[in-house]
Amino acid sequence: MAPPWCLCWALLPALALALLGLAAAAGPRQTPALELAEELAEELWSAGLPGDLPELEPECRSLLAAFAEGSAALTGCLGRRARPVRLCQGCHGHYRRLLAQYDSIARAVGNSSESHNCAKSILTSDRLQIVVTLSEFFNETWEAANCANCLKNSSEGLSNSTEEFLDLFNKSLTCFEHNLQGQVTDLSPNNYTEVCKNCNETYTRLNDLYNHLQRMNRQGGESAHSAHLCIDVEDAMNITRKLWSRTFNCSLPCSDTVPVIAVSSFILFLPIVFYLSSFLHSKQKKRILILPKRIQSNANLVNIQEKYS
Amino acid sequence: MANVAKKVSWSGRDRDDDEDGRAGETTPLLNGTGPGAAGSGRQLTPSPFLRIGQLSNVDLNEEVHELETEVPRQRPNEIPHNEKLLSLKYESLDYDNSENQLFLEEERRINHAAFRTVEIKRWVICAMIGILTGLVACFIDIVVENLAGLKYRVVKDNIDKFTAKGGLSFSLLLWATLNASVVMVGSLIVAFIEPVAAGSGIPQIKCYLNGVKIPHVVRLKGLCYKCPSVPYQAVPTGGLASSMSSLKLPSLLFQIFEYFRRDTEKRDFVSAGAAAGVSAAFGAPVGGVLFSLEEGASFWNQFLTWRIFFASMISTFTLNSVLSVYHGNAWDLSSPGLINFGRFDSEKMGYTIQEIPIFIFMGVVGGILGALFNALNYWLTMFRIRYIHRPCLQVVEAMLVAAVTATVGFVMIYCSRDCQPIQGSSVAYPLQLFCADGEYNSMATAFFNTPEKSVVNLFHDPPGSYNPMTLGMFTLMYFFLACWTYGLTVSAGVFIPSLLIGAAWGRLFGISLAYLTKGSIWADPGKYALMGAAAQLGGIVRMTLSLTVIMMEATGNVTYGFPIMLVLMTAKIVGDYFVEGLYDMHIQLQSVPFLHWEAPVTSHSLTAREVMSTPVTCLRRIERVGTVVDILSDTSSNHNGFPVVESNPDATQVAGLRGLILRSQLIVLLKHKVFVERTNLNLVQRRLKLKDFRDAYPRFPPIQSIHVSQDERECMIDLSEFMNPSPYTVPQEASLPRVFKLFRALGLRHLVVVDNRNEVVGMVTRKDLARYRLGKEGLEELSLAQT
């Protein structure tokens, strides 16, 4: 009874530590504790204790380490650029690299035997499948952000329209700043008319460009997902619009109340006139009663009469 | 007499009396209608006229005295239209097969295999009905989608332009004119060319399947005009005016196969068409069959069920295939129906026993609102029938409604300050108006969308995407607009608008429930929107079984089957307590002689003798051609069936019943000049076959078009081999429910009343039976009227 149980006890933490260590080794900075754990694992490995346990070959380990490093870098990048959103501009390099690393894991056959290829041992040999989960997470995030939309097709660098948009965006921001500088002391909400007037042109251009991009995009793809522009552009536009409409209060005022009320009450008045006039002037439709032929019988009348009374 | 008219009339206009008098002098005497009128035929049982027919719920004590004095005065009496009338316009269908000698000969001639091919042909026709219905539905869907899209885009661009520059009143005018002009086209078609295309078509189909021949209802022409007019209505007022129109297709089809030129076959194919129409509209083949069963078919059998099911299956398939090609993903058949209510996530949206009272409550609300809708529509329809009967007025009314719909929409949008972020919402035509950039006016989405899409949005948008205030205003406005729209001379139905109203208040209910329960998980507004939609529609049209299945199939959700049933049953019970269903109401308002399932319960004391019309115009077995022509061309008595009696040289003596012959048969006989003298002289090339009668179907030439010379008038015509030798008869003493049952179950058109010597004393037809109705104060008798 005891030996297998004991072995398990002994091995489990070691194995866990080893894995942890591997992951840590991939990261750019290693804490001393993790290094220690890795060393422990190394020792165990070299001692040949779990000789028959399937363990990673060196090639696979290096691939795994690279993946771990890449994902850490991407996570950092994503986190740092979460607000204001600059994901696609800043992290596309990391993302591309990570994709390549994952690809190489998935495609690596390993050089020993078929049963020990890296794809199998890294990706599918346990329940958790952490590498797959990580890579799925990144892919989904990238998809949700719809970054492909503002990158070039080869996904090297931003596409021209996006560059143009960001240019314009920066221009509007500077315009806002310039015009606000004069009145920076007095920030009461009504004092932004200057901004509205001066930056209107830039803002309108930006808005139009955004709408244009959106329209182009909608024509291009049919699926619901590609209806969005990439998150960077959307967020930039959102910020600007919020500034413009909410903070500066430059959106259009409610206008034309009097003519609208006049026209609508006129139209609403028409049916009343129509119904009244047709009630008063149109001849009421008359039905000509037809006399049916029946046997005259008083019983009939009595019967009906009984029912009525 | 004027007294009666005044009592019956509830508008109580005093001018009636004068007009009455004048009209009486000028209008020619119209003294015969019931199927046994005083033509030039033999009047077997002469009896003075008696105007019992007019006694609709008036004080009879007084009336009896009046009757005695007034009997000699026979002049037409005019009253305003009311619901207690039966129109002469409507005729019955001949469901009863005439088993004359020709028929027996043909049956002998055709062998067993031939009958099997007939059965196969029936299935082929059903398949064709399915295919054509699907195609028509596709056509309507695509046209509606594009036209509506065009309209919303134009108006949106215009509003966007004028929001910046000022002058929004022009946008309002543009929208109103656009709506009105589009409606005008559709309304002109309906009002001037094809009045049958008005409305959803369900009441007409219901009447047709009951055995009432509605003029033009199953003609290709009707469909041809309905198709183009549907999109025009759907665009402004909304409402898939229902591809019910497609049930007109059968008329086209059964003509192809000669054998089916009979009213009975036609009726079956019309039921198949009804099922196929619903099936295509909602992607609900089973719902379609059940709809046909519940609402439509008054006659039903198992073989018919299978054929109808087949037709509705084919229709769904056709629609799906064509639409899949149209939408670009060919042969993807998984998105059925023109109206797809989207999928409910069944994991998230369960229901528990605590919600059952809530559902019942919603059913009650739906029933009350539906009854209110029907009551309002009743008054409106009555007004329309009385005062807005000229086609040009009807077109103007439709245009006004369209313009007002646009105006109400615009004002609501204009006044609404409810802005929702545009990001992540699935709005087709976001209208910004005075909202901040990047946001849209949420009221605008409600009005700027086809109603089907709005319903789907109300079902599935996540909680919080609707402002209760907006939703409340929208529900209120749309309720009245929909009520106002139904019954216009446009082909707009009630299905989708009432679903939309229900979904809106259901969602509102869900939101307030979530608010009251502090945002419990189960208070999902989408679920209550679905229940509200079901309750509202159930409260208006009073369907239960078919509507449950349609809703279940259209949402692809079985989980909600039970709550929907519950809600629909409650709505029906509550609604029936107040007023009857919308379709029945409209049938009644149109004065259609509609036979319900049962005779009025308190009518056992009435006997056939009192119910029947008498005297009856009879023909002798060997009759003079001149007499036949005279009887047929008598405009005052447009009878359709004539009892044939033994030819007795002594005309005064009463003779026994030998058979029944129809007007159509007589006309064919006259047309082919099947006279005894000609046969004797061997002038007739061949014997008349059943085919000759069928070829003339369904439009027999009028008697005026048949020329009979003076000499021929003196010829004799032998009816014995053409008449139906065994017509159904009842004795005089049979009670009304007994007569009714026989008549209704067999789908008869003429029921001869005989005495114990087998002599004809009267004739019972549809209008004689349909005039007895159970009113609020007991048995009522409807009057016959010319409309």
# chains A, B, ... in the order shown; residues from 1 in each chain; ligands from 1
>>> residues_around(residues="range 447-461 of chain B", least_positions_apart="5", cutoff="6 Å", atoms="only C-alpha atoms", output="list in words")
Gly238, Phe341, Leu500, Gly526 and Ala529 of chain B
>>> residues_around(residues="Phe361 in chain B", least_positions_apart="2", cutoff="12 Å", atoms="only C-alpha atoms", output="JSON, numbers by chain")
{"B": [355, 356, 357, 358, 359, 363, 364, 365, 366, 367, 368, 506, 509, 528, 531, 532, 535, 563, 566, 567, 568, 569, 570, 571, 574]}
>>> interface_residues(of="chain A", to="chain B", cutoff="6 Å", atoms="only C-alpha atoms", output="ChimeraX atom specification")
/A:241,245,251-252,259-260,264,268,284-294,307
>>> atom_distance(atom1="CA of Ala119 in chain A", atom2="CA of Ala106 in chain A")
4.7 Å
>>> atom_distance(atom1="CA of Ile550 in chain B", atom2="CA of His596 in chain B")
24.5 Å
>>> select_by_dssp(residues="range 417-632 of chain B", states="alpha helix (DSSP H)", output="JSON, numbers by chain")
{"B": [442, 443, 444, 445, 446, 447, 451, 452, 453, 454, 455, 456, 457, 458, 459, 460, 468, 469, 470, 471, 472, 473, 474, 475, 476, 477, 478, 479, 480, 481, 482, 483, 484, 485, 495, 496, 497, 498, 499, 500, 501, 502, 503, 504, 505, 506, 507, 508, 509, 510, 511, 512, 513, 514, 515, 516, 525, 526, 527, 528, 529, 530, 531, 532, 533, 534, 535, 536, 537, 538, 539, 540, 541, 545, 546, 547, 548, 549, 550, 551, 552, 553, 554, 555, 561, 562, 563, 564, 565, 566, 567, 568, 569, 570, 571, 572, 573, 574, 575, 576, 577, 578, 582, 583, 584, 585, 586, 587, 588, 589, 608, 609, 610, 611, 625, 626, 627, 628, 629, 630, 631, 632]}
>>> residues_around(residues="Gly510 in chain B", least_positions_apart="2", cutoff="6 Å", atoms="only C-alpha atoms", output="CSV table (one decimal) with all heavy atoms, in the first residue's frame")
chain,number,residue,atom,x,y,z
B,507,ARG,N,-42.5,44.0,-21.7
B,507,ARG,CA,-41.2,44.4,-21.2
B,507,ARG,C,-41.2,45.4,-20.1
B,507,ARG,O,-40.4,45.4,-19.2
B,507,ARG,CB,-40.4,44.9,-22.4
B,507,ARG,CG,-38.9,45.2,-22.1
B,507,ARG,CD,-38.0,45.2,-23.3
B,507,ARG,NE,-36.7,45.3,-22.8
B,507,ARG,CZ,-35.7,44.4,-23.0
B,507,ARG,NH1,-35.9,43.3,-23.7
B,507,ARG,NH2,-34.5,44.6,-22.5
B,508,LEU,N,-42.1,46.4,-20.3
B,508,LEU,CA,-42.3,47.4,-19.2
B,508,LEU,C,-42.6,46.7,-17.9
B,508,LEU,O,-42.1,47.0,-16.9
B,508,LEU,CB,-43.5,48.3,-19.6
B,508,LEU,CG,-43.6,49.6,-18.9
B,508,LEU,CD1,-42.4,50.5,-19.2
B,508,LEU,CD2,-44.9,50.3,-19.4
B,512,SER,N,-40.5,46.8,-14.5
B,512,SER,CA,-40.9,47.2,-13.2
B,512,SER,C,-40.9,46.1,-12.1
B,512,SER,O,-40.6,46.3,-11.0
B,512,SER,CB,-42.4,47.7,-13.3
B,512,SER,OG,-43.1,46.9,-14.1
B,513,LEU,N,-41.0,44.8,-12.6
B,513,LEU,CA,-40.9,43.7,-11.7
B,513,LEU,C,-39.5,43.6,-11.2
B,513,LEU,O,-39.3,43.4,-10.0
B,513,LEU,CB,-41.3,42.4,-12.5
B,513,LEU,CG,-41.9,41.3,-11.7
B,513,LEU,CD1,-43.2,41.8,-11.1
B,513,LEU,CD2,-42.1,40.1,-12.6
B,525,PRO,N,-36.6,40.9,-18.4
B,525,PRO,CA,-37.6,41.6,-19.1
B,525,PRO,C,-38.0,40.9,-20.5
B,525,PRO,O,-39.1,41.0,-20.9
B,525,PRO,CB,-37.0,43.0,-19.4
B,525,PRO,CG,-35.6,43.0,-18.9
B,525,PRO,CD,-35.4,41.8,-18.1
B,528,TYR,N,-40.7,38.4,-20.1
B,528,TYR,CA,-42.0,39.0,-19.9
B,528,TYR,C,-42.5,39.7,-21.2
B,528,TYR,O,-43.7,39.8,-21.4
B,528,TYR,CB,-42.0,40.0,-18.7
B,528,TYR,CG,-41.9,39.2,-17.4
B,528,TYR,CD1,-40.7,39.1,-16.8
B,528,TYR,CD2,-42.9,38.5,-16.9
B,528,TYR,CE1,-40.5,38.3,-15.7
B,528,TYR,CE2,-42.8,37.7,-15.8
B,528,TYR,CZ,-41.6,37.6,-15.2
B,528,TYR,OH,-41.5,36.9,-14.1
